[in-house]
Structure formats: structure tokens, C-alpha cells
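Okay, model.cif is below, mmCIF, C-alpha atoms, pLDDT in the B column; chains and numbers go by the auth columns:
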data_query
#
loop_
_atom_site.group_PDB
_atom_site.id
_atom_site.type_symbol
_atom_site.label_atom_id
_atom_site.label_comp_id
_atom_site.label_asym_id
_atom_site.label_seq_id
_atom_site.Cartn_x
_atom_site.Cartn_y
_atom_site.Cartn_z
_atom_site.B_iso_or_equiv
_atom_site.auth_seq_id
_atom_site.auth_asym_id
ATOM 1 C CA MET A 1 -16.661 -45.655 -95.651 40.00 24 A
ATOM 2 C CA ALA A 2 -17.407 -42.210 -94.235 44.00 25 A
ATOM 3 C CA ASP A 3 -15.006 -39.331 -94.740 48.00 26 A
ATOM 4 C CA SER A 4 -12.663 -39.233 -91.721 51.00 27 A
ATOM 5 C CA SER A 5 -13.102 -35.450 -91.408 62.00 28 A
ATOM 6 C CA HIS A 6 -16.872 -35.854 -91.062 75.00 29 A
ATOM 7 C CA LYS A 7 -17.915 -35.975 -87.421 86.00 30 A
ATOM 8 C CA THR A 8 -20.747 -38.006 -85.944 88.00 31 A
ATOM 9 C CA VAL A 9 -22.655 -37.351 -82.721 90.00 32 A
ATOM 10 C CA LEU A 10 -24.877 -39.940 -81.098 92.00 33 A
ATOM 11 C CA MET A 11 -27.229 -38.795 -78.369 91.00 34 A
ATOM 12 C CA ALA A 12 -28.906 -41.293 -76.060 90.00 35 A
ATOM 13 C CA ASP A 13 -31.986 -39.701 -74.511 88.00 36 A
ATOM 14 C CA ASP A 14 -35.490 -40.938 -73.787 87.00 37 A
ATOM 15 C CA ASP A 15 -36.989 -37.509 -74.526 88.00 38 A
ATOM 16 C CA PRO A 16 -37.555 -37.135 -78.298 89.00 39 A
ATOM 17 C CA GLU A 17 -38.032 -33.393 -77.811 89.00 40 A
ATOM 18 C CA ASP A 18 -34.536 -33.052 -76.327 88.00 41 A
ATOM 19 C CA CYS A 19 -33.143 -35.058 -79.248 90.00 42 A
ATOM 20 C CA MET A 20 -34.871 -32.680 -81.636 91.00 43 A
ATOM 21 C CA LEU A 21 -33.598 -29.625 -79.706 90.00 44 A
ATOM 22 C CA ALA A 22 -30.050 -30.979 -79.757 90.00 45 A
ATOM 23 C CA SER A 23 -30.206 -31.778 -83.460 91.00 46 A
ATOM 24 C CA HIS A 24 -31.504 -28.301 -84.334 91.00 47 A
ATOM 25 C CA ALA A 25 -28.987 -26.693 -81.979 90.00 48 A
ATOM 26 C CA PHE A 26 -26.080 -28.451 -83.715 86.00 49 A
ATOM 27 C CA ALA A 27 -27.420 -27.268 -87.075 89.00 50 A
ATOM 28 C CA GLU A 28 -27.884 -23.698 -85.792 88.00 51 A
ATOM 29 C CA SER A 29 -24.423 -23.676 -84.208 85.00 52 A
ATOM 30 C CA GLY A 30 -22.760 -24.207 -87.565 84.00 53 A
ATOM 31 C CA ALA A 31 -21.118 -27.445 -86.436 82.00 54 A
ATOM 32 C CA LYS A 32 -20.689 -29.822 -89.351 83.00 55 A
ATOM 33 C CA VAL A 33 -21.898 -33.061 -87.822 86.00 56 A
ATOM 34 C CA SER A 34 -24.107 -35.977 -88.573 89.00 57 A
ATOM 35 C CA PHE A 35 -26.498 -36.301 -85.612 90.00 58 A
ATOM 36 C CA SER A 36 -28.391 -39.408 -84.500 91.00 59 A
ATOM 37 C CA CYS A 37 -30.416 -40.223 -81.430 92.00 60 A
ATOM 38 C CA VAL A 38 -31.316 -43.456 -79.653 92.00 61 A
ATOM 39 C CA LEU A 39 -33.947 -43.598 -76.935 89.00 62 A
ATOM 40 C CA ASP A 40 -32.318 -45.762 -74.266 87.00 63 A
ATOM 41 C CA GLY A 41 -29.151 -47.483 -73.147 87.00 64 A
ATOM 42 C CA VAL A 42 -30.040 -50.803 -74.768 89.00 65 A
ATOM 43 C CA GLU A 43 -30.438 -49.087 -78.160 91.00 66 A
ATOM 44 C CA LEU A 44 -27.169 -47.258 -77.492 90.00 67 A
ATOM 45 C CA MET A 45 -25.244 -50.467 -76.879 90.00 68 A
ATOM 46 C CA ASP A 46 -26.884 -52.151 -79.905 92.00 69 A
ATOM 47 C CA TYR A 47 -25.869 -49.169 -82.082 92.00 70 A
ATOM 48 C CA LEU A 48 -22.278 -49.251 -80.808 92.00 71 A
ATOM 49 C CA THR A 49 -22.005 -53.026 -81.207 90.00 72 A
ATOM 50 C CA ASP A 50 -23.385 -52.842 -84.751 89.00 73 A
ATOM 51 C CA HIS A 51 -21.105 -49.969 -85.752 88.00 74 A
ATOM 52 C CA SER A 52 -17.957 -51.356 -84.109 86.00 75 A
ATOM 53 C CA SER A 53 -18.273 -54.639 -86.006 81.00 76 A
ATOM 54 C CA SER A 54 -18.885 -53.042 -89.413 78.00 77 A
ATOM 55 C CA GLU A 55 -16.233 -51.580 -91.691 75.00 78 A
ATOM 56 C CA ALA A 56 -18.918 -49.627 -93.554 68.00 79 A
ATOM 57 C CA LYS A 57 -20.449 -47.990 -90.473 79.00 80 A
ATOM 58 C CA ARG A 58 -18.739 -45.311 -88.459 81.00 81 A
ATOM 59 C CA LEU A 59 -18.595 -45.125 -84.676 86.00 82 A
ATOM 60 C CA PRO A 60 -19.684 -41.790 -83.234 87.00 83 A
ATOM 61 C CA ASP A 61 -17.092 -39.145 -82.414 83.00 84 A
ATOM 62 C CA LEU A 62 -19.092 -38.040 -79.366 76.00 85 A
ATOM 63 C CA LEU A 63 -21.775 -39.582 -77.132 76.00 86 A
ATOM 64 C CA LEU A 64 -24.287 -37.621 -75.052 74.00 87 A
ATOM 65 C CA GLY A 65 -26.775 -38.795 -72.397 75.00 88 A
ATOM 66 C CA LEU A 66 -27.406 -40.140 -68.861 68.00 89 A
ATOM 67 C CA ASN A 67 -30.934 -40.798 -67.602 73.00 90 A
ATOM 68 C CA MET A 68 -32.594 -43.403 -69.804 78.00 91 A
ATOM 69 C CA PRO A 69 -34.888 -46.382 -69.323 77.00 92 A
ATOM 70 C CA ARG A 70 -33.802 -50.038 -69.605 82.00 93 A
ATOM 71 C CA LYS A 71 -30.118 -49.141 -69.200 81.00 94 A
ATOM 72 C CA ASN A 72 -29.023 -45.753 -67.916 78.00 95 A
ATOM 73 C CA GLY A 73 -26.002 -43.772 -69.024 79.00 96 A
ATOM 74 C CA ARG A 74 -23.823 -44.868 -66.097 81.00 97 A
ATOM 75 C CA GLN A 75 -24.493 -48.532 -66.869 85.00 98 A
ATOM 76 C CA ALA A 76 -23.666 -47.969 -70.546 87.00 99 A
ATOM 77 C CA LEU A 77 -20.567 -45.974 -69.611 87.00 100 A
ATOM 78 C CA ILE A 78 -19.327 -48.855 -67.459 87.00 101 A
ATOM 79 C CA GLU A 79 -19.705 -51.176 -70.485 89.00 102 A
ATOM 80 C CA ILE A 80 -18.186 -48.770 -73.023 90.00 103 A
ATOM 81 C CA LYS A 81 -14.995 -47.582 -71.324 89.00 104 A
ATOM 82 C CA PRO A 82 -13.289 -50.990 -70.884 90.00 105 A
ATOM 83 C CA GLU A 83 -14.084 -51.990 -74.487 90.00 106 A
ATOM 84 C CA PRO A 84 -10.968 -51.328 -76.653 90.00 107 A
ATOM 85 C CA SER A 85 -12.967 -50.545 -79.806 89.00 108 A
ATOM 86 C CA LEU A 86 -15.159 -48.005 -77.964 90.00 109 A
ATOM 87 C CA GLN A 87 -13.064 -46.496 -75.174 86.00 110 A
ATOM 88 C CA HIS A 88 -11.687 -43.706 -77.395 88.00 111 A
ATOM 89 C CA ILE A 89 -15.153 -42.146 -77.848 89.00 112 A
ATOM 90 C CA PRO A 90 -15.575 -39.030 -75.687 89.00 113 A
ATOM 91 C CA ILE A 91 -18.690 -39.275 -73.546 88.00 114 A
ATOM 92 C CA VAL A 92 -20.355 -36.113 -72.338 89.00 115 A
ATOM 93 C CA ILE A 93 -23.092 -36.633 -69.793 86.00 116 A
ATOM 94 C CA LEU A 94 -26.001 -34.379 -70.709 85.00 117 A
ATOM 95 C CA THR A 95 -28.770 -34.459 -68.126 81.00 118 A
ATOM 96 C CA THR A 96 -31.358 -32.476 -66.214 81.00 119 A
ATOM 97 C CA SER A 97 -29.672 -33.535 -62.968 74.00 120 A
ATOM 98 C CA ALA A 98 -27.138 -31.295 -61.258 75.00 121 A
ATOM 99 C CA ASP A 99 -26.681 -33.759 -58.390 78.00 122 A
ATOM 100 C CA GLN A 100 -23.021 -33.781 -57.347 86.00 123 A
ATOM 101 C CA ASN A 101 -23.203 -37.521 -56.632 86.00 124 A
ATOM 102 C CA ASN A 102 -24.186 -38.113 -60.299 80.00 125 A
ATOM 103 C CA VAL A 103 -21.342 -35.870 -61.446 84.00 126 A
ATOM 104 C CA ASP A 104 -18.772 -37.684 -59.301 88.00 127 A
ATOM 105 C CA ARG A 105 -19.970 -41.180 -60.212 86.00 128 A
ATOM 106 C CA THR A 106 -20.074 -40.593 -63.966 85.00 129 A
ATOM 107 C CA LEU A 107 -16.724 -38.812 -64.119 88.00 130 A
ATOM 108 C CA LYS A 108 -15.163 -41.611 -62.056 89.00 131 A
ATOM 109 C CA ALA A 109 -16.660 -44.149 -64.491 86.00 132 A
ATOM 110 C CA GLY A 110 -14.914 -42.421 -67.410 88.00 133 A
ATOM 111 C CA ALA A 111 -17.148 -39.646 -68.739 89.00 134 A
ATOM 112 C CA GLU A 112 -15.151 -36.715 -70.100 89.00 135 A
ATOM 113 C CA SER A 113 -17.638 -34.059 -69.027 87.00 136 A
ATOM 114 C CA PHE A 114 -20.952 -33.546 -67.225 86.00 137 A
ATOM 115 C CA ILE A 115 -23.361 -30.838 -68.429 87.00 138 A
ATOM 116 C CA THR A 116 -26.817 -29.909 -67.187 86.00 139 A
ATOM 117 C CA LYS A 117 -29.288 -29.514 -70.051 87.00 140 A
ATOM 118 C CA PRO A 118 -29.956 -25.893 -70.969 88.00 141 A
ATOM 119 C CA ALA A 119 -33.334 -24.247 -70.506 88.00 142 A
ATOM 120 C CA THR A 120 -33.637 -22.208 -73.717 90.00 143 A
ATOM 121 C CA SER A 121 -33.118 -22.797 -77.413 88.00 144 A
ATOM 122 C CA ASP A 122 -30.319 -20.193 -77.525 91.00 145 A
ATOM 123 C CA GLU A 123 -28.552 -21.937 -74.646 92.00 146 A
ATOM 124 C CA TRP A 124 -28.825 -25.275 -76.511 90.00 147 A
ATOM 125 C CA VAL A 125 -27.164 -23.683 -79.557 90.00 148 A
ATOM 126 C CA GLU A 126 -24.342 -22.218 -77.459 91.00 149 A
ATOM 127 C CA MET A 127 -23.814 -25.528 -75.672 90.00 150 A
ATOM 128 C CA MET A 128 -23.656 -27.502 -78.942 88.00 151 A
ATOM 129 C CA LYS A 129 -21.264 -24.966 -80.446 89.00 152 A
ATOM 130 C CA SER A 130 -19.049 -25.319 -77.375 90.00 153 A
ATOM 131 C CA LEU A 131 -19.228 -29.134 -77.481 88.00 154 A
ATOM 132 C CA ALA A 132 -18.327 -29.158 -81.172 87.00 155 A
ATOM 133 C CA GLU A 133 -15.367 -26.840 -80.614 87.00 156 A
ATOM 134 C CA ARG A 134 -14.111 -28.880 -77.677 87.00 157 A
ATOM 135 C CA TRP A 135 -14.717 -32.476 -78.785 84.00 158 A
ATOM 136 C CA LEU A 136 -15.166 -32.500 -82.570 83.00 159 A
ATOM 137 C CA ARG A 137 -12.171 -30.633 -83.974 75.00 160 A
#
Could I get this file's structure written as C-alpha cells?
Amino acid sequence: MADSSHKTVLMADDDPEDCMLASHAFAESGAKVSFSCVLDGVELMDYLTDHSSSEAKRLPDLLLGLNMPRKNGRQALIEIKPEPSLQHIPIVILTTSADQNNVDRTLKAGAESFITKPATSDEWVEMMKSLAERWLR
């Protein structure tokens, strides 16, 4: 079983470039995390189901994402938050959208935070450092 002090971040995003940016930003930020990415909400739910039913696999300590094909972040959020084995996982919505309706709906559904994706590599690093300090202590 994984060391309980080791933190795991799972990002759900259909843009492989954003997954790569996030992964590099976590590394650059100095945050000590294991980072994985899935490409849509169906993969996200499969990952969580697989990891919640296995003693050898660790659930993530933080989830990121919103706009995805097949099942979007709001739909996944609505499935995750009532599930006792998953509801403790902080979910930060990370999206290109700054639409207040999206913010309100996802926070009401149980997301802990809503962040618009940064524009530059330096901003990605600062955001990941901030996320790690806030959610992965």
C-alpha cells in the first residue's frame, strides 16, 4: 500500500496538453505528488471505482477537471459526492470557463473550488503550488 504521506492528484481533462502542463507545473512547483490524468468522465469514474475497491490502490487526494466528453465534471461530481468511499476527496474544478452559472452549479454540487485555467506556464506553476499548499498538506 502507498505511503499515507504521499499525495496523489488525478486530473480529468480531455486536452492532453493541459494534462502535460499540469503535470510539469506540479513538478516545477516543488509539490511532492504523484500525478495522473484521465481523458473523460467515464475514465474518471472507472478509475475511482477501481481504486475504491482495491486495498492495494490509493484513491486520489485531489481531483481536477470540468469540461470533458462522454461525462462532464458536473455529472461526475454528482456521482462522487454522495458515495461514502469517495466523498472525502476534494474536487477543484479547473476549466477554461469563467461562466458564473458554471461556478454556482459546481459549487452547489459539492466542488470545493472553481479555478479558471491559467494562460502561461508560470501561472500554471503558481496555481499548482497554491493547490498543493491548500489541499495536499
Starting from the shown file, work through the PyMOL selection byres ((chain A and resi 31-44) around 7) and note down what comes out as number ranges by chain.
A: 29-30, 45-48, 56-64, 67, 83-88, 91
Using CA of Asp145 (chain A) and CA of Ile112 (chain A) as the two end points, give the distance in Å to one decimal.
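Taking CA of Asp145 (chain A) as the start and CA of Ile112 (chain A) as the end point, the length is 26.7 Å.
Distance-wise, CA of Lys140 (chain A) and CA of Asn90 (chain A) end up 11.7 Å apart.
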Non-local contacts of Asp127 (chain A) (12 Å; all atoms listed in the file; under 6 positions in same chain excluded) as a VMD selection string
chain A and resid 97 116 121 133 to 137
Top pick for closest residue to Ser120 (chain A), considering A:Thr139, A:Glu102, A:Ser108, A:Glu146 and counting only C-alpha atoms
A:Thr139
For each of A:Ile114, A:Ala50, A:Ala99, A:Val126, take the minimum atom-to-atom distance to Asp69 (chain A), counting all atoms listed in the file, then give the residue where this is smallest.
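Using all atoms listed in the file, Asp69 (chain A) sits closest to A:Ala99.
The coordinates place CA of Lys94 (chain A) at 13.6 Å from CA of Tyr70 (chain A).
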Report as AutoDock Vina command-line options the centre and the edge lengths, in Å to one decimal, of the axis-aligned box holding every listed atom of region 32-51 of chain A, padded by 8 Å on each side.
--center_x -30.3 --center_y -32.5 --center_z -80.4 --size_x 31.4 --size_y 33.6 --size_z 29.3
Find the residue from A:Glu66, A:Arg160, A:Lys104, A:Met150 that sits nearest to Thr129 (chain A); use all atoms listed in the file when measuring.
A:Lys104
When you count only C-alpha atoms, which of these residues is closest to Pro141 (chain A): A:Asp122, A:Glu106, A:Arg157, A:Leu117?
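Going through A:Asp122, A:Glu106, A:Arg157, A:Leu117 one by one, the smallest distance to Pro141 (chain A) is for A:Leu117.
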